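Engineer: Structure in structure tokens, see below.
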Amino acid sequence: MELLLDLLKAFLIGGLFCVVAQILIDKTALTPARILVLYVSLGVVLTAVGLYAPLVEFAGCGATTPLTGFGYSLAGGVKKAVDEKGLIGALTGGLTGTAGGIAAAIVFGYTFALIFRSHPKK
Amino acid sequence: MNTDSKSYQKYAKKHAPKSPIFRDCVCAFLVGGLICTFAEGLYHLYLFWKLPEDTVKILVPCTLIFLAAFFTGIGIFDDIARFAGAGTLVPITGFANAMASPAIDDKSEGLVMGVGAKMFTIAGPVIVYGVLTSVLYGVVYWIWGLFL
Amino acid sequence: MNVIRLKHAPSVVGYASVVGKKEHEGPLGADFDLHDDAGTFGMDTWEKSESEMQRLALNTALAKAKLSPDAVKAIFAGDLLNQCTGSAYGLLSFSKPFFGLYGACSTFAEGTMLASLMIGAGYFDVCAAVSSSHFCSAERQFRFPLEYGGQRAPTAQWTATAAGAFVLSAEGAGPYITEVLPGTIVDKGIRDANNMGAAMAPAAVDTMKKYFEDTGHSPDDFDMILTGDLGLEGHSIAVEFMKASGCDIQNVYNDCGLLLYGAGTQDVHCGGSGCGCSASVVCGHIMRRFQKGELHNVLYIATGALMSPDSLKQGGTIPGIAHLVRISSERI
């Protein structure tokens with residue numbers, strides 16, 4: 001039962017993040033690339049002011065999976081590194097916190113680029 | 001055509017058919033929500049398999065990235081995204097697709113200047129601005145700490 | 001007087017069209033000479049596929065004209081790729097004097113116009129006009145990678161995978177290129193690359209108005225007025241503005257971007273675009289209807305949007321152009 005509730009919360013919050021972006025795409029001249037940039041930066045800012053961590057606590061992957069969650073990891077990494085190492089942590093923390101995701105995207109992107117070729121759109 | 005540019009631009013904007021925003025939002029909500037639900041399910045599954053929580057937190061997005069890159073490779077990611085819109089864009093799957101799709105496409109320009117360089121044409125700004133804001137946050141956080 | 005009436009109107013002695021899968025599945029499918037469902041035309045990159053389409057189109061047009069490649073004195077060709085490499089590689093094997101053109105989607109009319117003027121002036125007796133576009137190579141260059149998951153705006157147009165070729169000769173039984181009207185660059189400040197129809201429609205209206213003012217003809221003197229590829233959006237803007245200026249073209253007006261794909265059945269939003277769109281419609285569908293005697297007098301007005309990905313990123317507007325070519329079954 002608790003599992004179901006967790007899934008439902010992830011569904012609702014994750015879906016809402018997407019709806020906001022969809023409205024921005026349809027109603028403004030913002031390109032998808034700009035929206036991704038906006039989301040990542042917004043994730044850092046929301047984490048910095050302490051709003052995002054409670055959301056992650058509540059929605060789990062519903063908050064970490066959208067790109068704002070990428071910003072959350074960046075900010076979380078920076079905070080941890082600054083706590084441990086001082087100012088230099090501001091430079092090292094962000095990419096440390098997101099290293100797994102970035103490396104995975106590079107490795108899998110590269111691997112599948114070797115295997116597949118692009119198809120004409122339907 | 002005697003209309004001046006300004007009024008023509010206004011006219012063209014008004015004339016253009018609008019995006020079906022309600023349908024777009026429903027699709028984005030459902031698909032985006034389902035991707036996050038799937039991620040949450042994975043999270044619980046990995047924990048159930050007794051993996052340490054720190055590993056699971058990295059493994060879940062990596063699994064999504066793997067799947068998104070794979071679906072990009074076999075050519076169905078763009079078919080789903082055509083309907084899902086922000087539903088596939090906003091989750092980490094959109095980031096993975098933005099890295100994998102130019103890599104696959106630009107293989108014809110070689111492994112270094114094609115795959116290696118073009119991989120970041122769309123996803124690069126996300127990393128650049130994410131790192132910039134996070135470093136800024138780190139500096140502010142450090143200064144803040146000096147006064148506490 | 002902007003309209004040039006060709007005293008020695010050249011004859012279209014050969015024409016051919018080559019298309020991809022989606023175009024072949026469209027309502028004009030049966031009118032095209034060659035098609036490849038994979039869209040690769042046996043090549044390993046999309047750019048080479050586009051070049052191959054140009055080669056096939058010209059080869060087929062020459063065969064249909066029963067002319068050897070040696071008869072061609074000059075080729076006027078263009079495409080959408082950077083530095084017009086589609087044409088350069090595709091037409092390399094003909095080793096003929098070559099004029100590379102860039103008129104975006106208006107290139108085929110531009111090439112036909114220049115070839116006709118050269119023949120009319122007596123410098124060459126046989127010329128070819130060729131142009132092409134390929135959905136995959138254009139998407140890569142102008143928009144996103146093919147596998148990128150994006151949504152298309154409702155006003156977006158679909159770059160046709162298509163090529164067309166004309167072989168024009170001083171001698172021949174027609175149809176003839178009887179009048180041409182070179183377009184001027186018109187920019188009404190549209191910046192939305194997803195709404196090319198609105199960006200190009202003012203240029204089409206400008207050219208049409210000049211033509212009717214100069215010649216005193218009315219739209220009903222023609223079997224068809226055919227714009228290049230304004231698509232659904234540009235088509236209806238053009239109709240409205242022509243009507244507002246007292247010239248109702250609705251009865252005879254059509255657009256290549258609308259003809260090429262099935263409305264509603266094929267997911268192309270506002271219709272087709274690209275250098276190959278109007279080239280293949282004219283070299284396939286329209287010329288066949290001339291041959292069958294269904295058409296005698298057509299105004300073909302190809303429109304082009306003269307922007308680049310960089311000009312758009314710099315916030316530039318999209319200038320449009322529309323070149324007019326009159327195709328008639330008799331010399332006038």
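Simple scheme: letters A, B, ... for chains in structure tokens order, numbers from 1 for residues in each chain, numbers from 1 for ligands in the order shown.
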Taking only C-alpha atoms into account, which residues of chain A are within 7 Å of chain B, as a ChimeraX atom specification?

Structural biologist: /A:7,10-12,14-16,18-19,21-22,26,33,36-37,40-41,44,48,60-62,65-67,71,74-75,78-79,82,86-87,90-91,94,100-101,104-105,108-110,112-113,116-119

Engineer: Using only C-alpha atoms, determine which residues lie at most 10 Å from Leu58 of chain C, disregarding the query and same-chain residues fewer than 6 positions distant; provide the list as a list in words.

Structural biologist: Gly14, Tyr15, Ala16, Ser17, Val18, Lys64, Pro69, Ile75, Gly90, Leu91, Phe94, Ala128, Ala129, Val130, Ser131, Ala163, Gly164, Ala165, Phe166 and Val167 of chain C

Engineer: Name the residues of chain A that come out as alpha helix (DSSP H) in a backbone DSSP run; write them as a PyMOL selection string.

Structural biologist: chain A and resi 2-27+32-48+52-59+61-64+67-85+89-115

Engineer: Can you write out as JSON lines which residues of chain C fall within 10 Å of chain B, alongside each residue's closest atom pair and its distance in Å to one decimal, counting only C-alpha atoms and ordering rows by chain and ascending residue number?

Structural biologist:
{"residue": "C:Asp44", "atom": "CA", "partner": "B:Ser108", "partner_atom": "CA", "distance": 8.3}
{"residue": "C:Thr45", "atom": "CA", "partner": "B:Ser108", "partner_atom": "CA", "distance": 6.5}
{"residue": "C:Trp46", "atom": "CA", "partner": "B:Ser108", "partner_atom": "CA", "distance": 9.1}
{"residue": "C:Glu47", "atom": "CA", "partner": "B:Ser108", "partner_atom": "CA", "distance": 9.7}
{"residue": "C:Cys136", "atom": "CA", "partner": "B:Asp105", "partner_atom": "CA", "distance": 9.7}
{"residue": "C:Arg140", "atom": "CA", "partner": "B:Asp105", "partner_atom": "CA", "distance": 7.7}
{"residue": "C:Phe144", "atom": "CA", "partner": "B:Pro102", "partner_atom": "CA", "distance": 8.0}
{"residue": "C:Pro145", "atom": "CA", "partner": "B:Pro102", "partner_atom": "CA", "distance": 5.3}
{"residue": "C:Leu146", "atom": "CA", "partner": "B:Asp105", "partner_atom": "CA", "distance": 6.6}
{"residue": "C:Glu147", "atom": "CA", "partner": "B:Ser101", "partner_atom": "CA", "distance": 5.0}
{"residue": "C:Tyr148", "atom": "CA", "partner": "B:Ser101", "partner_atom": "CA", "distance": 5.3}
{"residue": "C:Gly149", "atom": "CA", "partner": "B:Asp78", "partner_atom": "CA", "distance": 4.0}
{"residue": "C:Gly150", "atom": "CA", "partner": "B:Ala81", "partner_atom": "CA", "distance": 5.9}
{"residue": "C:Gln151", "atom": "CA", "partner": "B:Arg82", "partner_atom": "CA", "distance": 4.8}
{"residue": "C:Arg152", "atom": "CA", "partner": "B:Arg82", "partner_atom": "CA", "distance": 7.4}
{"residue": "C:Ala153", "atom": "CA", "partner": "B:Ser19", "partner_atom": "CA", "distance": 6.8}
{"residue": "C:Pro154", "atom": "CA", "partner": "B:Ser19", "partner_atom": "CA", "distance": 6.0}
{"residue": "C:Thr155", "atom": "CA", "partner": "B:Ala16", "partner_atom": "CA", "distance": 6.6}
{"residue": "C:Val186", "atom": "CA", "partner": "B:Met1", "partner_atom": "CA", "distance": 9.9}
{"residue": "C:Asp187", "atom": "CA", "partner": "B:Ser5", "partner_atom": "CA", "distance": 7.9}
{"residue": "C:Lys188", "atom": "CA", "partner": "B:Ser5", "partner_atom": "CA", "distance": 4.5}
{"residue": "C:Gly189", "atom": "CA", "partner": "B:Ser5", "partner_atom": "CA", "distance": 5.8}
{"residue": "C:Ile190", "atom": "CA", "partner": "B:Gln9", "partner_atom": "CA", "distance": 6.0}
{"residue": "C:Arg191", "atom": "CA", "partner": "B:Gln9", "partner_atom": "CA", "distance": 8.9}
{"residue": "C:Asp192", "atom": "CA", "partner": "B:Lys13", "partner_atom": "CA", "distance": 9.5}
{"residue": "C:Asn195", "atom": "CA", "partner": "B:Ala16", "partner_atom": "CA", "distance": 8.0}
{"residue": "C:Gly197", "atom": "CA", "partner": "B:Ala12", "partner_atom": "CA", "distance": 9.5}
{"residue": "C:Ala198", "atom": "CA", "partner": "B:Ala12", "partner_atom": "CA", "distance": 6.1}
{"residue": "C:Ala199", "atom": "CA", "partner": "B:Ala12", "partner_atom": "CA", "distance": 8.6}
{"residue": "C:Ala201", "atom": "CA", "partner": "B:Met1", "partner_atom": "CA", "distance": 9.9}
{"residue": "C:Pro202", "atom": "CA", "partner": "B:Met1", "partner_atom": "CA", "distance": 6.6}
{"residue": "C:Ala203", "atom": "CA", "partner": "B:Met1", "partner_atom": "CA", "distance": 8.7}
{"residue": "C:Ala204", "atom": "CA", "partner": "B:Met1", "partner_atom": "CA", "distance": 9.7}
{"residue": "C:Val205", "atom": "CA", "partner": "B:Met1", "partner_atom": "CA", "distance": 6.6}
{"residue": "C:Asp206", "atom": "CA", "partner": "B:Met1", "partner_atom": "CA", "distance": 6.1}
{"residue": "C:Thr207", "atom": "CA", "partner": "B:Met1", "partner_atom": "CA", "distance": 9.8}
{"residue": "C:Lys209", "atom": "CA", "partner": "B:Met1", "partner_atom": "CA", "distance": 8.3}
{"residue": "C:Leu232", "atom": "CA", "partner": "B:Ala16", "partner_atom": "CA", "distance": 9.9}
{"residue": "C:Glu233", "atom": "CA", "partner": "B:Ala16", "partner_atom": "CA", "distance": 6.8}
{"residue": "C:Gly234", "atom": "CA", "partner": "B:Ala12", "partner_atom": "CA", "distance": 9.3}
{"residue": "C:Ser236", "atom": "CA", "partner": "B:His15", "partner_atom": "CA", "distance": 9.2}
{"residue": "C:Ile237", "atom": "CA", "partner": "B:His15", "partner_atom": "CA", "distance": 8.1}
{"residue": "C:Ala238", "atom": "CA", "partner": "B:Met1", "partner_atom": "CA", "distance": 10.0}
{"residue": "C:Phe241", "atom": "CA", "partner": "B:Met1", "partner_atom": "CA", "distance": 7.1}
{"residue": "C:Met242", "atom": "CA", "partner": "B:Met1", "partner_atom": "CA", "distance": 8.4}
{"residue": "C:Ala244", "atom": "CA", "partner": "B:Met1", "partner_atom": "CA", "distance": 9.2}
{"residue": "C:Ser245", "atom": "CA", "partner": "B:Met1", "partner_atom": "CA", "distance": 7.9}
{"residue": "C:Cys270", "atom": "CA", "partner": "B:Pro17", "partner_atom": "CA", "distance": 9.8}

Engineer: When distances are computed from only C-alpha atoms, which of A:Ala29, A:Ile35, A:Ile13, A:Val107 shows the smallest separation from chain C?

Structural biologist: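 The shortest atom-to-atom distance to chain C comes from A:Ala29.
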
Engineer: Record the distance separating atom CA of Ser308 of chain C and atom CA of Cys105 of chain C, expressed in Å with one decimal.

Structural biologist: 12.9 Å

Engineer: Mind pulling up the distance from atom CA of Leu81 of chain C to atom CA of Ala138 of chain C?

Structural biologist: 6.9 Å

Engineer: Measure the distance from atom CA of Asp267 of chain C to atom CA of His24 of chain C in Å and round it to one decimal.

Structural biologist: 14.3 Å

Engineer: Find the residue from C:Asp221, C:Asp37, C:Asp214, C:Glu110 that sits nearest to Pro182 of chain C; use only C-alpha atoms when measuring.

Structural biologist: C:Glu110

Engineer: Please run DSSP on the backbone and report, as a ChimeraX atom specification, all residues within segment 42-252 of chain C that come out as strand (DSSP E or B).

Structural biologist: /C:74-78,98-101,126-133,158-159,162-169,176-181,186,224-227
